[in-house]
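Shown next: my_file-v7.txt, given as compact mmCIF, C-alpha atoms and all ligand atoms.
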# COMPACT_ATOMS: atom_id res chain seq x y z
CA MET A 1 0.00 0.00 0.00
CA PRO A 2 1.47 3.39 -0.91
CA ARG A 3 2.11 5.67 2.00
CA PRO A 4 -0.07 8.76 2.03
CA PRO A 5 1.93 11.92 1.31
CA LYS A 6 3.02 13.71 4.44
CA CYS A 7 1.03 16.76 5.33
CA ARG A 8 3.10 19.89 5.04
CA ARG A 9 2.41 21.66 8.26
CA VAL A 10 2.17 25.43 8.05
CA GLU A 11 1.97 27.74 11.09
CA PHE A 12 1.64 31.08 9.41
CA LEU A 13 -0.25 32.62 6.52
CA PRO A 14 1.16 35.92 5.28
CA ALA A 15 -1.21 38.88 5.53
CA VAL A 16 -0.11 40.30 2.19
CA THR A 17 -0.26 37.89 -0.71
CA TYR A 18 0.55 40.09 -3.69
CA PHE A 19 3.63 42.18 -4.38
CA LYS A 20 3.99 44.36 -7.43
CA PRO A 21 7.06 46.28 -8.57
CA ALA A 22 6.54 50.01 -9.06
CA GLY A 23 6.51 51.49 -12.52
CA ILE A 24 5.79 48.34 -14.52
CA PRO A 25 2.65 48.47 -16.66
CA LEU A 26 0.27 45.62 -15.94
CA ARG A 27 0.24 44.41 -19.53
CA VAL A 28 3.95 43.59 -19.43
CA LEU A 29 4.11 42.56 -15.80
CA GLU A 30 5.14 38.98 -15.24
CA GLU A 31 4.23 37.11 -12.10
CA VAL A 32 5.79 34.38 -10.02
CA ARG A 33 3.67 32.24 -7.74
CA LEU A 34 4.92 31.23 -4.34
CA SER A 35 3.08 28.40 -2.67
CA VAL A 36 2.13 28.72 0.98
CA GLU A 37 4.61 26.01 1.98
CA GLU A 38 7.40 27.85 0.15
CA THR A 39 6.71 30.96 2.20
CA GLU A 40 6.62 28.84 5.35
CA ALA A 41 10.01 27.25 4.56
CA ILE A 42 11.48 30.71 3.90
CA ARG A 43 9.95 32.04 7.13
CA LEU A 44 11.34 29.20 9.24
CA LYS A 45 14.80 29.39 7.68
CA GLU A 46 15.29 33.14 7.21
CA LEU A 47 13.15 34.72 9.92
CA GLU A 48 13.24 32.13 12.68
CA GLY A 49 16.80 31.17 11.73
CA LEU A 50 16.22 27.43 11.98
CA GLU A 51 18.51 24.80 10.55
CA GLN A 52 16.99 22.80 7.72
CA GLU A 53 16.60 19.79 9.99
CA GLN A 54 14.54 21.82 12.47
CA GLY A 55 12.53 23.47 9.72
CA ALA A 56 11.73 20.07 8.24
CA GLU A 57 10.51 18.87 11.63
CA ARG A 58 8.27 21.89 12.09
CA MET A 59 6.72 21.29 8.68
CA ASN A 60 6.46 17.54 9.22
CA ILE A 61 8.49 16.74 6.12
CA SER A 62 11.90 15.25 5.34
CA ARG A 63 14.99 17.40 5.28
CA PRO A 64 15.53 16.91 1.50
CA THR A 65 11.92 17.97 0.89
CA PHE A 66 12.37 21.03 3.09
CA GLN A 67 15.55 21.87 1.20
CA ARG A 68 13.80 21.52 -2.13
CA ILE A 69 10.83 23.70 -1.11
CA LEU A 70 13.15 26.31 0.37
CA ALA A 71 15.36 26.41 -2.75
CA SER A 72 12.34 26.73 -4.99
CA GLY A 73 10.93 29.60 -2.92
CA ARG A 74 14.26 31.42 -2.83
CA GLN A 75 14.72 31.01 -6.58
CA LYS A 76 11.28 32.51 -7.22
CA MET A 77 11.94 35.45 -4.91
CA ALA A 78 15.27 36.13 -6.64
CA ASP A 79 13.60 35.91 -10.03
CA ALA A 80 10.93 38.43 -8.97
CA LEU A 81 13.39 40.80 -7.31
CA LEU A 82 15.99 40.87 -10.06
CA ASN A 83 13.72 40.59 -13.07
CA GLY A 84 11.02 42.95 -11.84
CA LYS A 85 8.19 40.44 -11.53
CA ALA A 86 5.20 40.46 -9.25
CA ILE A 87 4.83 37.82 -6.53
CA ARG A 88 1.57 36.10 -5.80
CA ILE A 89 1.29 33.81 -2.78
CA GLU A 90 -1.36 31.16 -3.15
CA GLY A 91 -2.13 27.49 -3.15
CA GLY A 92 0.10 24.61 -2.27
CA ASN A 93 -0.15 21.32 -0.50
CA PHE A 94 -0.40 21.97 3.20
CA LYS A 95 -2.41 21.82 6.38
CA MET A 96 -2.63 24.58 8.89
CA ALA A 97 -1.06 23.80 12.25
CA TRP A 98 -4.06 25.46 13.89
CA HIS A 99 -7.71 25.64 13.17
CA GLN A 100 -9.54 28.79 14.04
CA PHE A 101 -12.93 28.80 15.71
CA ARG A 102 -15.40 31.54 16.47
CA CYS A 103 -18.26 31.65 18.95
CA LEU A 104 -21.64 33.34 18.72
CA ASN A 105 -20.25 36.34 20.63
CA GLY A 106 -17.44 36.89 18.18
CA HIS A 107 -14.53 35.45 20.16
CA GLU A 108 -11.96 33.75 17.99
CA TRP A 109 -9.30 31.31 19.05
CA ASN A 110 -6.96 28.72 17.60
CA VAL A 111 -6.81 25.03 18.35
CA PRO A 112 -3.77 22.94 17.36
CA PHE A 113 -4.55 20.62 14.51
CA GLU A 114 -3.58 17.56 16.57
CA GLU A 115 -6.00 18.47 19.36
CA ILE A 116 -9.13 18.50 17.25
CA ALA A 117 -8.61 15.01 15.88
CA GLY A 118 -11.19 13.83 18.40
CA GLY A 119 -13.70 16.52 17.44
CA PRO A 120 -14.07 20.28 17.47
CA PRO A 121 -14.13 22.21 20.76
CA GLU A 122 -17.43 22.30 22.63
CA LEU A 123 -17.06 25.52 24.60
CA CYS A 124 -15.72 28.96 23.83
CA PRO A 125 -12.72 29.41 26.20
CA THR A 126 -13.73 33.04 26.83
CA CYS A 127 -17.49 32.97 27.38
CA ASN A 128 -18.29 29.24 27.53
CA SER A 129 -20.75 29.61 24.68
CA THR A 130 -21.57 26.35 22.96
CA SER A 131 -22.42 28.05 19.66
CA ILE A 132 -19.16 27.53 17.83
CA THR A 133 -18.35 27.56 14.16
CA PRO A 134 -15.04 26.89 12.45
CA VAL A 135 -13.54 29.84 10.63
CA GLU A 136 -12.82 28.49 7.20
CA GLN A 137 -9.23 29.04 6.19
CA ILE A 138 -9.80 28.89 2.50
CA ALA A 139 -8.44 32.24 1.44
CA TYR A 140 -5.20 30.70 0.25
CA GLY A 141 -6.56 27.64 -1.46
CA TRP A 142 -7.00 25.42 1.50
CA GLY A 143 -5.16 22.11 1.65
CA ARG A 144 -4.68 20.29 -1.60
CA ARG A 145 -6.38 22.60 -4.04
CA GLY A 146 -2.94 23.61 -5.22
CA SER A 147 -3.52 24.27 -8.86
CA GLY A 148 -7.00 25.74 -8.68
CA LYS A 149 -8.01 29.34 -8.46
CA PRO A 150 -7.64 30.90 -5.04
CA HIS A 151 -10.72 30.63 -2.89
CA ARG A 152 -11.81 33.82 -1.27
CA GLY A 153 -12.20 33.94 2.47
CA LYS A 154 -15.76 33.43 3.52
CA TYR A 155 -15.68 36.44 5.77
CA GLY A 156 -13.79 38.62 3.37
CA ARG A 157 -10.89 39.10 5.72
CA ARG A 158 -7.33 38.01 6.01
CA TYR A 159 -6.33 35.16 8.25
CA TYR A 160 -3.44 34.77 10.59
CA ALA A 161 -3.04 31.22 11.69
CA ASN A 162 -1.55 32.24 15.01
CA GLU A 163 -3.31 35.52 15.69
ZN ZN A 201 -17.11 33.37 23.29

The structure in this file should be written as structure tokens.
Amino acid sequence: MPRPPKCRRVEFLPAVTYFKPAGIPLRVLEEVRLSVEETEAIRLKELEGLEQEQGAERMNISRPTFQRILASGRQKMADALLNGKAIRIEGGNFKMAWHQFRCLNGHEWNVPFEEIAGGPPELCPTCNSTSITPVEQIAYGWGRRGSGKPHRGKYGRRYYANE
């Protein structure tokens, strides 16, 4: 039986997902697309300063896979920076490390992915309300819809996984 592909665990979704160089007319503007896991690998390596081994662990992937994703993301950023291309962040093959929930009274909180395996939370941790709905994290092309068009957030707002 083939092993299921490992889930690429992502802890952070960037708030800004489109970067455009100044002074380039749209009709000639080229675009590179960074996947969400590429931005996560870059974040772990460059901003958190992790070694590749640690970054791979955080993303629940092998070190060679981490290295490949990181190299691909860096190459795209260099291409955009030096060749004056726009960057669009979307899609990929990943699972969020947290799921966000919201209660009837508007409180929002995050639950680690591993903790909700047995079911979603029953009470709001702030007001103990039992009226809880998951906040759908689909703004970036949730999960495996890598090649499709980006799905817009249901609530028309940006999402931070660890807000
Ligand atoms: Zn509440």

- Between atom CA of Leu70 of chain A and atom CA of Arg43 of chain A, what is the distance, to one decimal in Å?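 Pair atom CA of Leu70 of chain A / atom CA of Arg43 of chain A returns 9.4 Å.
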
- Message: For a quick check of understanding, using all atoms listed in the file, which of A:Ala15, A:Leu34, A:Val111, A:Ile24 has the smallest distance to Arg88 of chain A?
- Response: A:Leu34

- Item | Which of A:Asn83, A:Thr133, A:Thr126, A:Ser62 sits closest to Arg102 of chain A [using all atoms listed in the file] |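 Selected residue with least distance to Arg102 of chain A: A:Thr133.
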
- Return the single residue from A:Ala117, A:Val10, A:Cys103, A:Leu82 that is closest to ligand ZN 201 (chain A), with distances computed using only C-alpha atoms and all ligand atoms. A:Cys103

Given 6 Å and only C-alpha atoms and all ligand atoms, residues near ligand ZN 201 (chain A) as a CSV table (one decimal) with C-alpha atoms, keeping the file's coordinate frame:
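Here's the written file pocket28.csv:
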chain,number,residue,atom,x,y,z
A,103,CYS,CA,-18.3,31.6,19.0
A,105,ASN,CA,-20.2,36.3,20.6
A,107,HIS,CA,-14.5,35.4,20.2
A,124,CYS,CA,-15.7,29.0,23.8
A,126,THR,CA,-13.7,33.0,26.8
A,127,CYS,CA,-17.5,33.0,27.4
A,129,SER,CA,-20.8,29.6,24.7

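Non-sequential neighbours of Gly73 of chain A (distance at most 7 Å, separation of 3 or more positions within a chain, only C-alpha atoms) are Leu34, Glu38, Thr39, Ile42, Ile69, Leu70, Lys76 and Met77 of chain A.
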
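Note that the spacing between atom CA of Met96 of chain A and atom CA of Gln67 of chain A amounts to 19.9 Å.
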
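Comparing the minimum interatomic distances between Val135 of chain A and each of A:Glu115, A:Glu48, A:Glu122, A:Glu108, counting all atoms listed in the file, we find that A:Glu108 sits nearest.
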
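One distance worth recording is that between atom CA of Phe94 of chain A and atom CA of Arg8 of chain A, which is 4.5 Å.
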
- Task: Would you please work out which residue, of A:Cys7, A:Ser131, A:Lys20, A:Asn110, is nearest to Ala56 of chain A when using all atoms listed in the file?
- Result: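 Among A:Cys7, A:Ser131, A:Lys20, A:Asn110, it is A:Cys7 that comes nearest to Ala56 of chain A.
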
- Query: Which of these, A:Ala41, A:Ala78, A:Ile116, A:Val32, has the shortest distance to Arg58 of chain A once you count all atoms listed in the file?
  - Reply: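 Of all the options, A:Ala41 lies closest to Arg58 of chain A.
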
Kindly write all heavy atoms of segment 14-28 of chain A from the structure just given to a file, as a short mmCIF file (atom, residue, chain, number, x, y, z; two decimals), in the first residue's frame.
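The result, stored in selection.cif:
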data_model
loop_
_atom_site.label_atom_id
_atom_site.label_comp_id
_atom_site.auth_asym_id
_atom_site.auth_seq_id
_atom_site.Cartn_x
_atom_site.Cartn_y
_atom_site.Cartn_z
N PRO A 14 0.82 34.50 5.39
CA PRO A 14 1.16 35.92 5.28
C PRO A 14 -0.08 36.79 5.07
O PRO A 14 -1.02 36.38 4.39
CB PRO A 14 2.07 35.98 4.05
CG PRO A 14 2.24 34.62 3.54
CD PRO A 14 1.38 33.68 4.30
N ALA A 15 -0.07 37.98 5.65
CA ALA A 15 -1.21 38.88 5.53
C ALA A 15 -1.29 39.48 4.13
O ALA A 15 -2.37 39.73 3.62
CB ALA A 15 -1.09 39.99 6.57
N VAL A 16 -0.15 39.73 3.54
CA VAL A 16 -0.11 40.30 2.19
C VAL A 16 0.27 39.19 1.23
O VAL A 16 1.24 38.48 1.45
CB VAL A 16 0.92 41.45 2.11
CG1 VAL A 16 1.02 41.97 0.69
CG2 VAL A 16 0.55 42.56 3.08
N THR A 17 -0.51 39.03 0.18
CA THR A 17 -0.26 37.89 -0.71
C THR A 17 0.04 38.33 -2.14
O THR A 17 0.14 37.51 -3.04
CB THR A 17 -1.48 36.95 -0.75
OG1 THR A 17 -2.62 37.70 -1.17
CG2 THR A 17 -1.73 36.36 0.62
N TYR A 18 0.19 39.63 -2.34
CA TYR A 18 0.55 40.09 -3.69
C TYR A 18 1.52 41.25 -3.60
O TYR A 18 1.30 42.20 -2.85
CB TYR A 18 -0.70 40.52 -4.48
CG TYR A 18 -0.44 40.60 -5.96
CD1 TYR A 18 -0.39 39.44 -6.72
CD2 TYR A 18 -0.21 41.82 -6.59
CE1 TYR A 18 -0.11 39.49 -8.08
CE2 TYR A 18 0.07 41.88 -7.94
CZ TYR A 18 0.11 40.72 -8.69
OH TYR A 18 0.39 40.76 -10.04
N PHE A 19 2.61 41.14 -4.34
CA PHE A 19 3.63 42.18 -4.38
C PHE A 19 3.87 42.58 -5.83
O PHE A 19 4.08 41.72 -6.68
CB PHE A 19 4.95 41.66 -3.77
CG PHE A 19 4.81 41.27 -2.34
CD1 PHE A 19 4.37 40.00 -1.99
CD2 PHE A 19 5.11 42.18 -1.33
CE1 PHE A 19 4.21 39.64 -0.66
CE2 PHE A 19 4.97 41.82 0.00
CZ PHE A 19 4.51 40.55 0.34
N LYS A 20 3.84 43.88 -6.06
CA LYS A 20 3.99 44.36 -7.43
C LYS A 20 5.09 45.41 -7.49
O LYS A 20 5.10 46.34 -6.69
CB LYS A 20 2.66 44.97 -7.88
CG LYS A 20 2.66 45.49 -9.30
CD LYS A 20 1.35 46.20 -9.61
CE LYS A 20 1.38 46.81 -11.00
NZ LYS A 20 2.46 47.79 -11.19
N PRO A 21 6.02 45.25 -8.44
CA PRO A 21 7.06 46.28 -8.57
C PRO A 21 6.47 47.59 -9.08
O PRO A 21 5.53 47.58 -9.87
CB PRO A 21 8.03 45.67 -9.59
CG PRO A 21 7.26 44.62 -10.31
CD PRO A 21 6.17 44.16 -9.40
N ALA A 22 7.03 48.71 -8.62
CA ALA A 22 6.54 50.01 -9.06
C ALA A 22 6.97 50.28 -10.50
O ALA A 22 8.02 49.83 -10.94
CB ALA A 22 7.10 51.11 -8.14
N GLY A 23 6.12 50.98 -11.21
CA GLY A 23 6.51 51.49 -12.52
C GLY A 23 6.48 50.48 -13.66
O GLY A 23 7.00 50.75 -14.73
N ILE A 24 5.90 49.32 -13.43
CA ILE A 24 5.79 48.34 -14.52
C ILE A 24 4.33 48.27 -14.96
O ILE A 24 3.48 47.94 -14.14
CB ILE A 24 6.24 46.93 -14.07
CG1 ILE A 24 7.60 47.01 -13.37
CG2 ILE A 24 6.22 45.95 -15.24
CD1 ILE A 24 8.76 46.56 -14.15
N PRO A 25 4.05 48.56 -16.22
CA PRO A 25 2.65 48.47 -16.66
C PRO A 25 2.12 47.04 -16.54
O PRO A 25 2.86 46.08 -16.79
CB PRO A 25 2.69 48.90 -18.13
CG PRO A 25 4.05 49.49 -18.36
CD PRO A 25 4.96 48.95 -17.29
N LEU A 26 0.86 46.94 -16.18
CA LEU A 26 0.27 45.62 -15.94
C LEU A 26 0.40 44.70 -17.14
O LEU A 26 0.60 43.50 -17.01
CB LEU A 26 -1.22 45.78 -15.59
CG LEU A 26 -1.56 45.83 -14.11
CD1 LEU A 26 -3.06 46.00 -13.93
CD2 LEU A 26 -1.09 44.55 -13.41
N ARG A 27 0.27 45.27 -18.34
CA ARG A 27 0.24 44.41 -19.53
C ARG A 27 1.57 43.71 -19.80
O ARG A 27 1.63 42.72 -20.51
CB ARG A 27 -0.22 45.21 -20.76
CG ARG A 27 0.71 46.30 -21.20
CD ARG A 27 0.05 47.24 -22.23
NE ARG A 27 0.51 48.60 -22.04
CZ ARG A 27 1.71 49.05 -22.46
NH1 ARG A 27 2.51 48.24 -23.09
NH2 ARG A 27 2.08 50.30 -22.23
N VAL A 28 2.66 44.26 -19.24
CA VAL A 28 3.95 43.59 -19.43
C VAL A 28 4.46 42.94 -18.14
O VAL A 28 5.52 42.35 -18.12
CB VAL A 28 5.04 44.56 -19.96
CG1 VAL A 28 4.66 45.07 -21.34
CG2 VAL A 28 5.27 45.71 -19.01
#
